[in-house]
file model.txt (compact mmCIF, C-alpha atoms)
# COMPACT_ATOMS: atom_id res chain seq x y z
CA MET A 1 1.64 -6.69 36.79
CA ARG A 2 5.35 -6.74 36.01
CA GLY A 3 7.71 -4.68 38.18
CA ALA A 4 9.18 -1.54 36.66
CA SER A 5 12.75 -2.87 36.89
CA LEU A 6 11.86 -6.07 35.01
CA THR A 7 10.06 -4.11 32.30
CA SER A 8 13.02 -1.75 31.88
CA LEU A 9 15.49 -4.61 31.67
CA ALA A 10 13.36 -6.44 29.10
CA TRP A 11 13.02 -3.26 27.07
CA LEU A 12 16.80 -2.82 27.01
CA VAL A 13 17.26 -6.43 25.91
CA SER A 14 14.78 -5.87 23.07
CA LEU A 15 16.50 -2.63 22.06
CA ALA A 16 19.86 -4.39 21.94
CA LEU A 17 18.37 -7.05 19.69
CA LEU A 18 16.95 -4.43 17.34
CA ILE A 19 20.29 -2.61 17.17
CA ALA A 20 22.03 -5.88 16.40
CA CYS A 21 19.63 -6.41 13.53
CA GLU A 22 21.07 -3.40 11.73
CA SER A 23 24.68 -4.46 11.77
CA SER A 24 23.88 -7.91 11.78
CA SER A 25 24.02 -11.54 11.61
CA ASP A 26 21.34 -12.12 9.02
CA PRO A 27 22.81 -12.08 5.49
CA ALA A 28 19.38 -11.33 4.03
CA ALA A 29 19.03 -8.28 6.28
CA LEU A 30 22.50 -7.07 5.29
CA LYS A 31 21.63 -7.50 1.63
CA LEU A 32 18.42 -5.54 2.09
CA GLN A 33 20.30 -2.70 3.77
CA ALA A 34 22.75 -2.49 0.88
CA MET A 35 20.08 -2.30 -1.79
CA SER A 36 17.54 0.35 -2.70
CA PHE A 37 14.01 0.05 -4.00
CA ALA A 38 13.61 3.83 -4.24
CA ASN A 39 13.49 3.97 -8.05
CA SER A 40 11.89 0.60 -8.63
CA GLU A 41 8.26 0.46 -9.74
CA TRP A 42 5.75 -2.25 -8.91
CA SER A 43 4.65 -4.45 -11.79
CA GLU A 44 1.12 -4.94 -13.04
CA PRO A 45 -0.55 -7.24 -10.46
CA VAL A 46 -0.84 -10.94 -11.26
CA HIS A 47 -3.75 -13.06 -10.07
CA LEU A 48 -2.97 -16.16 -8.00
CA ASP A 49 -5.15 -18.69 -9.79
CA ALA A 50 -6.74 -21.81 -8.35
CA PRO A 51 -6.05 -23.67 -6.17
CA VAL A 52 -4.96 -20.64 -4.09
CA ASN A 53 -7.89 -18.41 -5.01
CA SER A 54 -11.40 -19.79 -5.05
CA PRO A 55 -14.97 -18.55 -5.65
CA CYS A 56 -15.13 -17.93 -1.88
CA GLN A 57 -13.37 -15.24 0.17
CA ASP A 58 -9.55 -15.53 0.08
CA GLN A 59 -7.77 -12.90 2.12
CA THR A 60 -4.81 -11.81 4.34
CA PRO A 61 -1.93 -13.56 2.51
CA THR A 62 1.53 -13.93 4.09
CA LEU A 63 4.61 -15.61 2.63
CA SER A 64 7.17 -17.62 4.59
CA LYS A 65 10.76 -16.39 4.43
CA ASP A 66 11.71 -18.96 1.76
CA GLU A 67 8.45 -18.22 -0.14
CA LEU A 68 7.60 -21.93 -0.22
CA ALA A 69 4.56 -21.57 2.04
CA LEU A 70 1.67 -19.14 1.64
CA TYR A 71 -0.62 -18.66 4.63
CA PHE A 72 -3.99 -16.97 4.16
CA THR A 73 -7.57 -16.95 5.38
CA SER A 74 -10.51 -18.35 3.44
CA THR A 75 -14.18 -19.26 3.68
CA ARG A 76 -13.76 -22.20 1.28
CA ARG A 77 -15.26 -25.54 2.22
CA GLY A 78 -13.20 -27.98 4.25
CA GLY A 79 -12.82 -25.70 7.26
CA LEU A 80 -14.36 -25.80 10.71
CA GLY A 81 -17.39 -23.65 9.88
CA ASN A 82 -20.77 -24.57 8.45
CA ASP A 83 -21.37 -25.04 4.74
CA THR A 84 -23.43 -22.34 3.03
CA PRO A 85 -25.61 -22.51 -0.12
CA ASP A 86 -23.03 -20.58 -2.18
CA GLY A 87 -20.52 -23.43 -1.88
CA CYS A 88 -18.46 -21.74 0.83
CA GLN A 89 -18.57 -21.69 4.65
CA ASP A 90 -19.90 -19.22 7.20
CA SER A 91 -16.56 -18.50 8.92
CA PHE A 92 -12.92 -17.80 8.12
CA ASP A 93 -10.14 -20.34 8.77
CA LEU A 94 -6.38 -20.18 8.27
CA TRP A 95 -5.03 -22.22 5.35
CA VAL A 96 -1.56 -22.89 3.94
CA ALA A 97 -0.45 -23.66 0.38
CA GLN A 98 3.00 -25.07 -0.33
CA ARG A 99 5.25 -25.34 -3.38
CA ALA A 100 8.48 -27.20 -4.12
CA SER A 101 10.38 -24.12 -5.35
CA ARG A 102 9.73 -20.47 -6.16
CA ASP A 103 9.20 -21.45 -9.78
CA SER A 104 6.80 -24.30 -8.95
CA PRO A 105 2.99 -23.99 -8.89
CA TRP A 106 1.18 -23.75 -5.58
CA GLU A 107 -0.25 -27.02 -4.32
CA THR A 108 -3.79 -27.41 -3.02
CA PRO A 109 -4.12 -25.44 0.23
CA VAL A 110 -4.55 -27.33 3.50
CA ASN A 111 -6.59 -26.18 6.47
CA LEU A 112 -4.43 -25.59 9.57
CA GLY A 113 -7.10 -27.31 11.67
CA PRO A 114 -7.36 -27.27 15.46
CA PRO A 115 -6.03 -25.91 17.73
CA VAL A 116 -5.38 -22.83 15.55
CA ASN A 117 -8.72 -22.85 13.76
CA THR A 118 -12.08 -22.95 15.50
CA PRO A 119 -15.72 -22.75 14.36
CA ALA A 120 -15.38 -18.96 14.84
CA ASN A 121 -13.23 -16.69 12.62
CA GLU A 122 -9.42 -16.71 12.37
CA ALA A 123 -7.60 -14.35 10.00
CA GLY A 124 -4.51 -12.23 9.37
CA PRO A 125 -1.63 -14.76 9.71
CA ALA A 126 1.86 -13.28 10.22
CA LEU A 127 5.00 -15.44 10.41
CA SER A 128 8.29 -14.73 12.15
CA ALA A 129 11.41 -14.94 9.98
CA ASP A 130 12.54 -18.13 11.72
CA GLY A 131 9.15 -19.71 11.04
CA HIS A 132 8.44 -20.63 14.66
CA LEU A 133 5.90 -17.91 15.53
CA LEU A 134 2.48 -17.46 13.98
CA PHE A 135 0.51 -14.36 14.91
CA PHE A 136 -3.12 -14.00 13.83
CA TYR A 137 -6.36 -12.47 15.02
CA SER A 138 -9.55 -14.17 16.11
CA PHE A 139 -13.07 -12.88 16.58
CA VAL A 140 -14.01 -12.75 20.25
CA GLY A 141 -17.61 -12.35 21.38
CA THR A 142 -19.78 -10.15 19.16
CA GLY A 143 -17.29 -8.87 16.63
CA GLN A 144 -14.34 -7.87 18.82
CA ARG A 145 -11.00 -9.08 17.51
CA ASP A 146 -7.92 -10.04 19.55
CA ILE A 147 -4.42 -11.07 18.47
CA TYR A 148 -3.09 -14.53 19.33
CA LEU A 149 0.27 -16.28 19.06
CA SER A 150 0.88 -19.93 18.21
CA GLN A 151 4.32 -21.57 18.21
CA ARG A 152 5.81 -24.65 16.58
CA ARG A 153 8.88 -26.64 17.49
CA GLY A 154 9.52 -28.25 14.11
CA ALA A 155 11.17 -26.10 11.43
CA THR A 156 9.26 -27.34 8.40
CA ASP A 157 5.87 -28.78 9.38
CA ASP A 158 3.23 -26.18 8.46
CA LEU A 159 0.58 -28.10 10.42
CA ALA A 160 2.47 -28.48 13.72
CA TRP A 161 1.18 -25.36 15.47
CA GLU A 162 0.53 -25.42 19.21
CA ALA A 163 -2.50 -24.05 21.05
CA PRO A 164 -2.73 -20.27 20.51
CA VAL A 165 -2.31 -17.86 23.43
CA SER A 166 -3.76 -14.35 23.67
CA LEU A 167 -1.10 -11.62 23.69
CA GLY A 168 -2.74 -10.13 26.75
CA PRO A 169 -3.59 -6.58 27.88
CA ASP A 170 -0.45 -4.91 26.45
CA VAL A 171 -1.95 -5.65 23.03
CA ASN A 172 -5.56 -6.76 23.38
CA THR A 173 -8.15 -4.38 24.84
CA MET A 174 -11.91 -3.93 24.77
CA ASP A 175 -11.37 -2.43 21.31
CA SER A 176 -10.61 -4.65 18.32
CA GLU A 177 -6.97 -5.52 17.52
CA ALA A 178 -6.10 -7.13 14.19
CA GLY A 179 -3.74 -7.15 11.19
CA PRO A 180 -0.44 -8.20 12.86
CA SER A 181 3.01 -7.95 11.24
CA PHE A 182 6.13 -9.13 13.09
CA VAL A 183 9.69 -7.88 12.54
CA GLN A 184 12.19 -10.23 14.15
CA ALA A 185 15.49 -8.85 15.42
CA GLY A 186 17.72 -11.75 14.42
CA GLU A 187 16.19 -15.16 13.93
CA ASP A 188 16.74 -16.29 17.54
CA GLY A 189 15.29 -13.20 19.19
CA GLY A 190 12.22 -11.14 19.77
CA GLY A 191 11.28 -8.05 17.84
CA THR A 192 8.44 -5.66 17.15
CA LEU A 193 4.81 -6.46 16.47
CA TYR A 194 2.78 -3.98 14.43
CA PHE A 195 -1.02 -4.15 14.31
CA TYR A 196 -4.09 -1.94 14.20
CA ARG A 197 -6.65 -1.09 16.86
CA GLY A 198 -10.16 0.35 16.80
CA ALA A 199 -13.21 0.19 14.56
CA PRO A 200 -14.26 2.02 11.40
CA PRO A 201 -14.29 4.87 10.59
CA ASN A 202 -11.03 5.31 12.54
CA THR A 203 -8.57 2.48 13.04
CA GLU A 204 -4.98 3.29 13.96
CA LEU A 205 -1.58 1.57 13.70
CA TYR A 206 0.26 0.47 16.87
CA SER A 207 3.53 -1.26 17.73
CA VAL A 208 4.84 -3.19 20.73
CA SER A 209 8.16 -4.85 21.58
CA ILE A 210 7.84 -8.57 22.19
CA MET A 211 10.19 -11.31 23.37
CA ARG A 212 10.80 -14.60 21.57
CA SER A 213 8.52 -16.30 24.12
CA GLY A 214 5.65 -14.01 23.21
CA VAL A 215 5.93 -11.87 26.35
CA THR A 216 5.25 -8.22 25.55
CA LEU A 217 7.53 -5.48 26.90
CA GLY A 218 5.07 -2.82 27.92
CA PRO A 219 1.85 -1.45 26.46
CA ALA A 220 1.56 -0.96 22.70
CA VAL A 221 1.94 2.62 21.46
CA ALA A 222 0.38 4.36 18.47
CA VAL A 223 2.60 4.93 15.43
CA VAL A 224 1.50 8.54 15.27
CA GLU A 225 3.42 9.56 12.14
CA LEU A 226 1.54 6.98 10.08
CA ASN A 227 -1.97 7.46 11.42
CA SER A 228 -4.62 9.72 9.88
CA PRO A 229 -8.16 10.81 10.85
CA VAL A 230 -9.61 7.83 8.94
CA ASP A 231 -8.93 4.08 8.74
CA ASP A 232 -5.29 2.95 8.64
CA ASN A 233 -4.79 -0.78 9.06
CA HIS A 234 -3.33 -4.13 8.00
CA VAL A 235 0.40 -3.40 8.07
CA SER A 236 3.31 -5.37 6.63
CA VAL A 237 6.91 -4.46 7.47
CA ARG A 238 9.98 -5.36 5.42
CA ALA A 239 12.41 -7.76 7.12
CA ASP A 240 14.97 -5.04 7.92
CA GLY A 241 12.31 -2.85 9.53
CA ARG A 242 12.86 0.07 7.15
CA GLU A 243 9.78 -0.08 4.94
CA ILE A 244 6.13 -0.42 5.99
CA PHE A 245 3.04 -1.04 3.87
CA PHE A 246 -0.56 -0.60 4.98
CA ASN A 247 -4.00 0.13 3.58
CA SER A 248 -5.80 3.42 4.13
CA ARG A 249 -8.62 5.52 2.71
CA ARG A 250 -6.91 8.80 3.59
CA LEU A 251 -6.85 11.82 1.30
CA GLY A 252 -4.68 11.07 -1.71
CA SER A 253 -6.26 7.66 -2.28
CA ILE A 254 -7.82 6.99 -5.69
CA LEU A 255 -11.43 8.17 -5.72
CA ASN A 256 -14.19 5.58 -5.87
CA ALA A 257 -17.37 5.77 -7.96
CA GLY A 258 -18.94 7.99 -5.31
CA GLY A 259 -16.09 10.50 -5.44
CA GLN A 260 -14.67 9.45 -2.05
CA PRO A 261 -11.16 8.12 -1.33
CA SER A 262 -11.08 4.34 -1.71
CA PHE A 263 -8.92 1.98 0.33
CA ASP A 264 -5.44 2.02 -1.27
CA LEU A 265 -2.06 0.56 -0.40
CA TRP A 266 0.42 3.07 1.06
CA VAL A 267 4.11 2.85 1.93
CA ALA A 268 6.50 4.68 4.28
CA THR A 269 10.23 4.25 4.91
CA ARG A 270 12.93 5.16 7.43
CA ARG A 271 16.74 5.17 7.33
CA ASN A 272 17.19 3.10 10.49
CA LEU A 273 15.19 1.51 13.25
CA HIS A 274 15.47 4.54 15.52
CA ASP A 275 14.00 7.06 13.06
CA THR A 276 10.35 7.93 12.68
CA TRP A 277 8.60 6.83 9.53
CA SER A 278 8.49 9.10 6.49
CA THR A 279 5.28 10.64 5.20
CA PRO A 280 3.32 7.76 3.61
CA VAL A 281 3.13 7.62 -0.20
CA ASN A 282 0.38 6.04 -2.29
CA LEU A 283 1.59 3.04 -4.32
CA GLY A 284 -0.12 4.47 -7.39
CA ALA A 285 -2.55 3.38 -10.07
CA THR A 286 -0.62 0.32 -11.25
CA VAL A 287 -1.41 -1.42 -7.97
CA ASN A 288 -4.31 0.62 -6.59
CA SER A 289 -7.73 1.04 -8.20
CA PRO A 290 -10.94 3.03 -7.63
CA VAL A 291 -12.45 0.07 -5.75
CA ALA A 292 -10.30 -1.17 -2.85
CA GLU A 293 -6.98 -2.84 -2.10
CA PHE A 294 -6.30 -4.41 1.30
CA HIS A 295 -3.99 -6.61 3.36
CA PRO A 296 -0.51 -5.99 1.88
CA ASN A 297 2.21 -8.52 2.64
CA VAL A 298 5.81 -7.86 1.56
CA SER A 299 8.17 -10.81 1.11
CA HIS A 300 11.32 -11.21 3.21
CA ASP A 301 13.53 -10.02 0.33
CA GLY A 302 11.30 -7.00 -0.32
CA ARG A 303 10.67 -7.87 -3.96
CA THR A 304 7.16 -9.34 -3.84
CA LEU A 305 4.02 -7.70 -2.49
CA MET A 306 0.80 -9.64 -2.09
CA PHE A 307 -2.57 -8.02 -1.43
CA ILE A 308 -6.29 -8.56 -1.96
CA ASP A 309 -9.05 -6.74 -3.79
CA PRO A 310 -12.67 -7.45 -4.79
CA SER A 311 -11.30 -8.85 -8.02
CA SER A 312 -14.53 -9.39 -9.87
CA ALA A 313 -15.19 -5.63 -9.74
CA VAL A 314 -11.92 -4.50 -11.37
CA ARG A 315 -9.41 -7.06 -12.58
CA GLY A 316 -11.44 -10.22 -12.94
CA GLY A 317 -10.85 -13.25 -10.76
CA LEU A 318 -12.75 -16.10 -9.19
CA GLY A 319 -15.13 -14.11 -6.99
CA GLY A 320 -15.23 -12.38 -3.63
CA PHE A 321 -11.85 -11.05 -2.53
CA ASP A 322 -8.91 -12.67 -4.33
CA ILE A 323 -5.17 -12.64 -3.67
CA TRP A 324 -2.93 -10.76 -6.11
CA MET A 325 0.84 -10.35 -6.45
CA THR A 326 3.08 -7.55 -7.73
CA THR A 327 6.89 -7.54 -7.94
CA ARG A 328 9.82 -5.12 -8.22
CA THR A 329 13.60 -5.23 -8.70
CA VAL A 330 16.37 -3.54 -6.72
CA ASN A 331 18.69 -0.96 -8.29
CA GLY A 332 21.80 -2.02 -6.38
CA LYS A 333 22.59 1.36 -4.83
CA GLU A 334 23.01 2.24 -1.19
CA GLU A 335 19.85 3.54 0.44
CA SER A 336 20.16 7.11 1.65

call {"tool": "encode", "arguments": {"input": "model.txt", "output": "C-alpha cells"}}
result
Amino acid sequence: MRGASLTSLAWLVSLALLIACESSSDPAALKLQAMSFANSEWSEPVHLDAPVNSPCQDQTPTLSKDELALYFTSTRRGGLGNDTPDGCQDSFDLWVAQRASRDSPWETPVNLGPPVNTPANEAGPALSADGHLLFFYSFVGTGQRDIYLSQRRGATDDLAWEAPVSLGPDVNTMDSEAGPSFVQAGEDGGGTLYFYRGAPPNTELYSVSIMRSGVTLGPAVAVVELNSPVDDNHVSVRADGREIFFNSRRLGSILNAGGQPSFDLWVATRRNLHDTWSTPVNLGATVNSPVAEFHPNVSHDGRTLMFIDPSSAVRGGLGGFDIWMTTRTVNGKEES
C-alpha cells in the first residue's frame, strides 16, 4: 500500500496537470473552451456501412484524436474466438479501422491480436489524446469485468500495443468495472479515468486520477451527481473535460414498447474542471429511440458522436448492434 505522503504528493501533481489543461498548452483544448455547443443540435444519425459494421456484433466505438483510426469491439470472424454457425465468433475482440483522411472511406478493420486480445472477451477501447494509452475492459472469470491498460511506444502503429496490465484495486474490485473514458491533462501527462462499476439493475459512474504510467492516485470515487437509482454506464468525456455523455435508462428516457424507460444517451456539462456536473439532459428523439442506444464516444473536437443501437429493430443496418454517427456544429460563442 502506498504511504499517505506519496499519495498526497501524487494527487497534487495530478491536480496541477488538470489545472494546466484549462489554461493550456493544447490548442485544441483552447479552441474547445472558446466555443459553445449549447445551441447546436445533433444531426440525424448516419450508419457506418461495411467494412466497419458487419452482420455480427459491432460495439463500443472510439475515435483517435485525428479521427483516422476507429477502435471498436466485434464478434466478426478473424478474431481469437471460435467460429459459430451464424458466421461470427463466440467472443469479442478489439479491432481497428483506418482511413487516409477524414473524407476518406474506412479501410477493412484489422484485429489487434495478442497480447491485447485473448480467446476471452475484450471490449470498450478508450484512447488517450496522445495515442499512447489504450484502456479497455476484459471479462475475468464467470462474467466479472476488469479494466486494463496497454501502452505503445510508436506514435502511429495501431498494432504495436504492449501486454495489458490490470489497473489494480483502486479501480478493479470484486464487482464488474467497464466502459472506460480517459481525459488527459496535456498530452504528456496523466489525467482522469471515468468508468462504471456494478451489475444491472444498478451500475454507477466512477472516476479516478491516474498518472501517465498508469499508476492510480487513490481509490476511485462515485460521480454522485450523475448517478441514478438505475443503470448509468459507458461514459465518454469531451477532451476539455467539460462535457460528459453516457447511457442510462433513468426516468426521462424514451419509453420502450413495454412502457418502460429505454436505454438512451444523456449529457451533462460543467464550466470548469473543479465544478460538479450539471443535471443530465436526454439527447432527444433525433438520436435516441424507443429501443436502446449505448456506448457513446465523442470525438476530440466535440463535433462527432458515435454510438451503437440494435439497428435492425429501428433504423436498419447489417444486424446485431451496429455503430452509428451523429454530428453537430459550434456556434462560436464563449461558453457560460

call {"tool": "residues_around", "arguments": {"input": "model.txt", "residues": "Ser248 (chain A)", "least_positions_apart": "2", "cutoff": "6 Å", "atoms": "all atoms listed in the file", "output": "mmCIF file with C-alpha atoms, in the frame of the given file"}}
result
data_model
loop_
_atom_site.group_PDB
_atom_site.id
_atom_site.type_symbol
_atom_site.label_atom_id
_atom_site.label_comp_id
_atom_site.auth_asym_id
_atom_site.auth_seq_id
_atom_site.Cartn_x
_atom_site.Cartn_y
_atom_site.Cartn_z
ATOM 1 C CA ASP A 231 -8.930 4.080 8.740
ATOM 2 C CA ASP A 232 -5.290 2.950 8.640
ATOM 3 C CA ARG A 250 -6.910 8.800 3.590
ATOM 4 C CA PHE A 263 -8.920 1.980 0.330
ATOM 5 C CA ASP A 264 -5.440 2.020 -1.270
#

call {"tool": "residues_near_point", "arguments": {"input": "model.txt", "point": "(-15.5, -0.3, 24.9)", "cutoff": "10 Å", "atoms": "all atoms listed in the file", "output": "JSON, numbers by chain"}}
result
{"A": [144, 173, 174, 175, 176, 198]}

call {"tool": "residues_around", "arguments": {"input": "model.txt", "residues": "Glu67 (chain A)", "least_positions_apart": "4", "cutoff": "8 Å", "atoms": "only C-alpha atoms", "output": "ChimeraX atom specification"}}
result
/A:63,102,299

call {"tool": "write_last_selection", "arguments": {"input": "model.txt", "atoms": "C-alpha atoms", "output": "short mmCIF file (atom, residue, chain, number, x, y, z; two decimals), in the frame of the given file"}}
result
data_model
loop_
_atom_site.label_atom_id
_atom_site.label_comp_id
_atom_site.auth_asym_id
_atom_site.auth_seq_id
_atom_site.Cartn_x
_atom_site.Cartn_y
_atom_site.Cartn_z
CA LEU A 63 4.61 -15.61 2.63
CA ARG A 102 9.73 -20.47 -6.16
CA SER A 299 8.17 -10.81 1.11
#

call {"tool": "closest_atom_pairs", "arguments": {"input": "model.txt", "of": "region 200-291 of chain A", "to": "region 163-167 of chain A", "cutoff": "10 Å", "atoms": "all atoms listed in the file", "output": "JSON lines"}}
result
{"residue": "A:Ile210", "atom": "CA", "partner": "A:Leu167", "partner_atom": "CA", "distance": 9.6}
{"residue": "A:Gly214", "atom": "CA", "partner": "A:Leu167", "partner_atom": "CA", "distance": 7.2}
{"residue": "A:Val215", "atom": "CA", "partner": "A:Leu167", "partner_atom": "CA", "distance": 7.5}
{"residue": "A:Thr216", "atom": "CA", "partner": "A:Leu167", "partner_atom": "CA", "distance": 7.4}

call {"tool": "atom_distance", "arguments": {"input": "model.txt", "atom1": "CA of Asp58 (chain A)", "atom2": "CA of Ser181 (chain A)"}}
result
18.4 Å

call {"tool": "residues_around", "arguments": {"input": "model.txt", "residues": "Arg238 (chain A)", "least_positions_apart": "2", "cutoff": "9 Å", "atoms": "all atoms listed in the file", "output": "list in words"}}
result
Val183, Ser236, Asp240, Gly241, Arg242, Glu243, Ile244, Phe245, Asn297, Val298, Ser299, His300, Asp301 and Gly302 of chain A

call {"tool": "atom_distance", "arguments": {"input": "model.txt", "atom1": "CA of Pro261 (chain A)", "atom2": "CA of Ala292 (chain A)"}}
result
9.5 Å

call {"tool": "closest_residue", "arguments": {"input": "model.txt", "among": "A:Cys88, A:Asn53, A:Glu293, A:Ser43", "to": "Ile323 (chain A)", "atoms": "all atoms listed in the file"}}
result
A:Asn53

call {"tool": "closest_residue", "arguments": {"input": "model.txt", "among": "A:Trp42, A:Asp130, A:Ser278, A:Gly179", "to": "Gly191 (chain A)", "atoms": "only C-alpha atoms"}}
result
A:Asp130

call {"tool": "closest_residue", "arguments": {"input": "model.txt", "among": "A:Leu217, A:Met211, A:Ile254, A:Ala100", "to": "Leu133 (chain A)", "atoms": "only C-alpha atoms"}}
result
A:Met211

call {"tool": "atom_distance", "arguments": {"input": "model.txt", "atom1": "CA of Val171 (chain A)", "atom2": "CA of Ser262 (chain A)"}}
result
28.2 Å

call {"tool": "closest_residue", "arguments": {"input": "model.txt", "among": "A:Ala185, A:Ala129, A:Val224, A:Leu265", "to": "Thr203 (chain A)", "atoms": "all atoms listed in the file"}}
result
A:Val224

call {"tool": "residues_near_point", "arguments": {"input": "model.txt", "point": "(0.1, -7.4, -1.5)", "cutoff": "7 Å", "atoms": "all atoms listed in the file", "output": "number ranges by chain"}}
result
A: 295-298, 305-308, 324-326

call {"tool": "residues_around", "arguments": {"input": "model.txt", "residues": "region 108-125 of chain A", "least_positions_apart": "3", "cutoff": "7 Å", "atoms": "all atoms listed in the file", "output": "PyMOL selection string"}}
result
chain A and resi 51-52+60+62+71-73+79-81+91-97+134-139+159+162-164+179-180

call {"tool": "closest_residue", "arguments": {"input": "model.txt", "among": "A:Asp157, A:Glu177, A:Leu318, A:Ala268", "to": "Gly143 (chain A)", "atoms": "only C-alpha atoms"}}
result
A:Glu177

call {"tool": "closest_residue", "arguments": {"input": "model.txt", "among": "A:Asp322, A:Asp309, A:Asp66, A:Asp275", "to": "Val223 (chain A)", "atoms": "all atoms listed in the file"}}
result
A:Asp275

call {"tool": "residues_around", "arguments": {"input": "model.txt", "residues": "Asn172 (chain A)", "least_positions_apart": "6", "cutoff": "10 Å", "atoms": "all atoms listed in the file", "output": "VMD selection string"}}
result
chain A and resid 144 to 148 166 178 197 219 to 220

call {"tool": "build_atoms", "arguments": {"input": "model.txt", "residues": "region 207-222 of chain A", "atoms": "N, CA and C atoms", "output": "CSV table (one decimal), in the frame of the given file"}}
result
chain,number,residue,atom,x,y,z
A,207,SER,N,2.4,-0.3,17.7
A,207,SER,CA,3.5,-1.3,17.7
A,207,SER,C,3.8,-1.6,19.2
A,208,VAL,N,4.5,-2.8,19.4
A,208,VAL,CA,4.8,-3.2,20.7
A,208,VAL,C,6.1,-4.1,20.6
A,209,SER,N,7.0,-3.9,21.5
A,209,SER,CA,8.2,-4.8,21.6
A,209,SER,C,7.7,-6.2,22.2
A,210,ILE,N,8.3,-7.3,21.7
A,210,ILE,CA,7.8,-8.6,22.2
A,210,ILE,C,9.0,-9.5,22.2
A,211,MET,N,9.1,-10.3,23.2
A,211,MET,CA,10.2,-11.3,23.4
A,211,MET,C,9.9,-12.6,22.5
A,212,ARG,N,10.9,-13.4,22.4
A,212,ARG,CA,10.8,-14.6,21.6
A,212,ARG,C,9.7,-15.5,22.1
A,213,SER,N,9.5,-15.5,23.5
A,213,SER,CA,8.5,-16.3,24.1
A,213,SER,C,7.1,-15.8,23.9
A,214,GLY,N,7.0,-14.6,23.4
A,214,GLY,CA,5.6,-14.0,23.2
A,214,GLY,C,5.3,-13.0,24.3
A,215,VAL,N,6.2,-12.8,25.3
A,215,VAL,CA,5.9,-11.9,26.4
A,215,VAL,C,6.1,-10.5,25.8
A,216,THR,N,5.1,-9.6,26.0
A,216,THR,CA,5.2,-8.2,25.6
A,216,THR,C,6.0,-7.4,26.6
A,217,LEU,N,6.7,-6.3,26.1
A,217,LEU,CA,7.5,-5.5,26.9
A,217,LEU,C,6.9,-4.1,27.1
A,218,GLY,N,5.7,-4.1,27.7
A,218,GLY,CA,5.1,-2.8,27.9
A,218,GLY,C,3.9,-2.6,27.0
A,219,PRO,N,3.0,-1.7,27.3
A,219,PRO,CA,1.8,-1.4,26.5
A,219,PRO,C,2.2,-1.0,25.0
A,220,ALA,N,1.4,-1.4,24.1
A,220,ALA,CA,1.6,-1.0,22.7
A,220,ALA,C,1.3,0.5,22.6
A,221,VAL,N,2.1,1.2,21.7
A,221,VAL,CA,1.9,2.6,21.5
A,221,VAL,C,1.5,2.9,20.0
A,222,ALA,N,0.8,4.0,19.8
A,222,ALA,CA,0.4,4.4,18.5
A,222,ALA,C,1.6,4.8,17.6
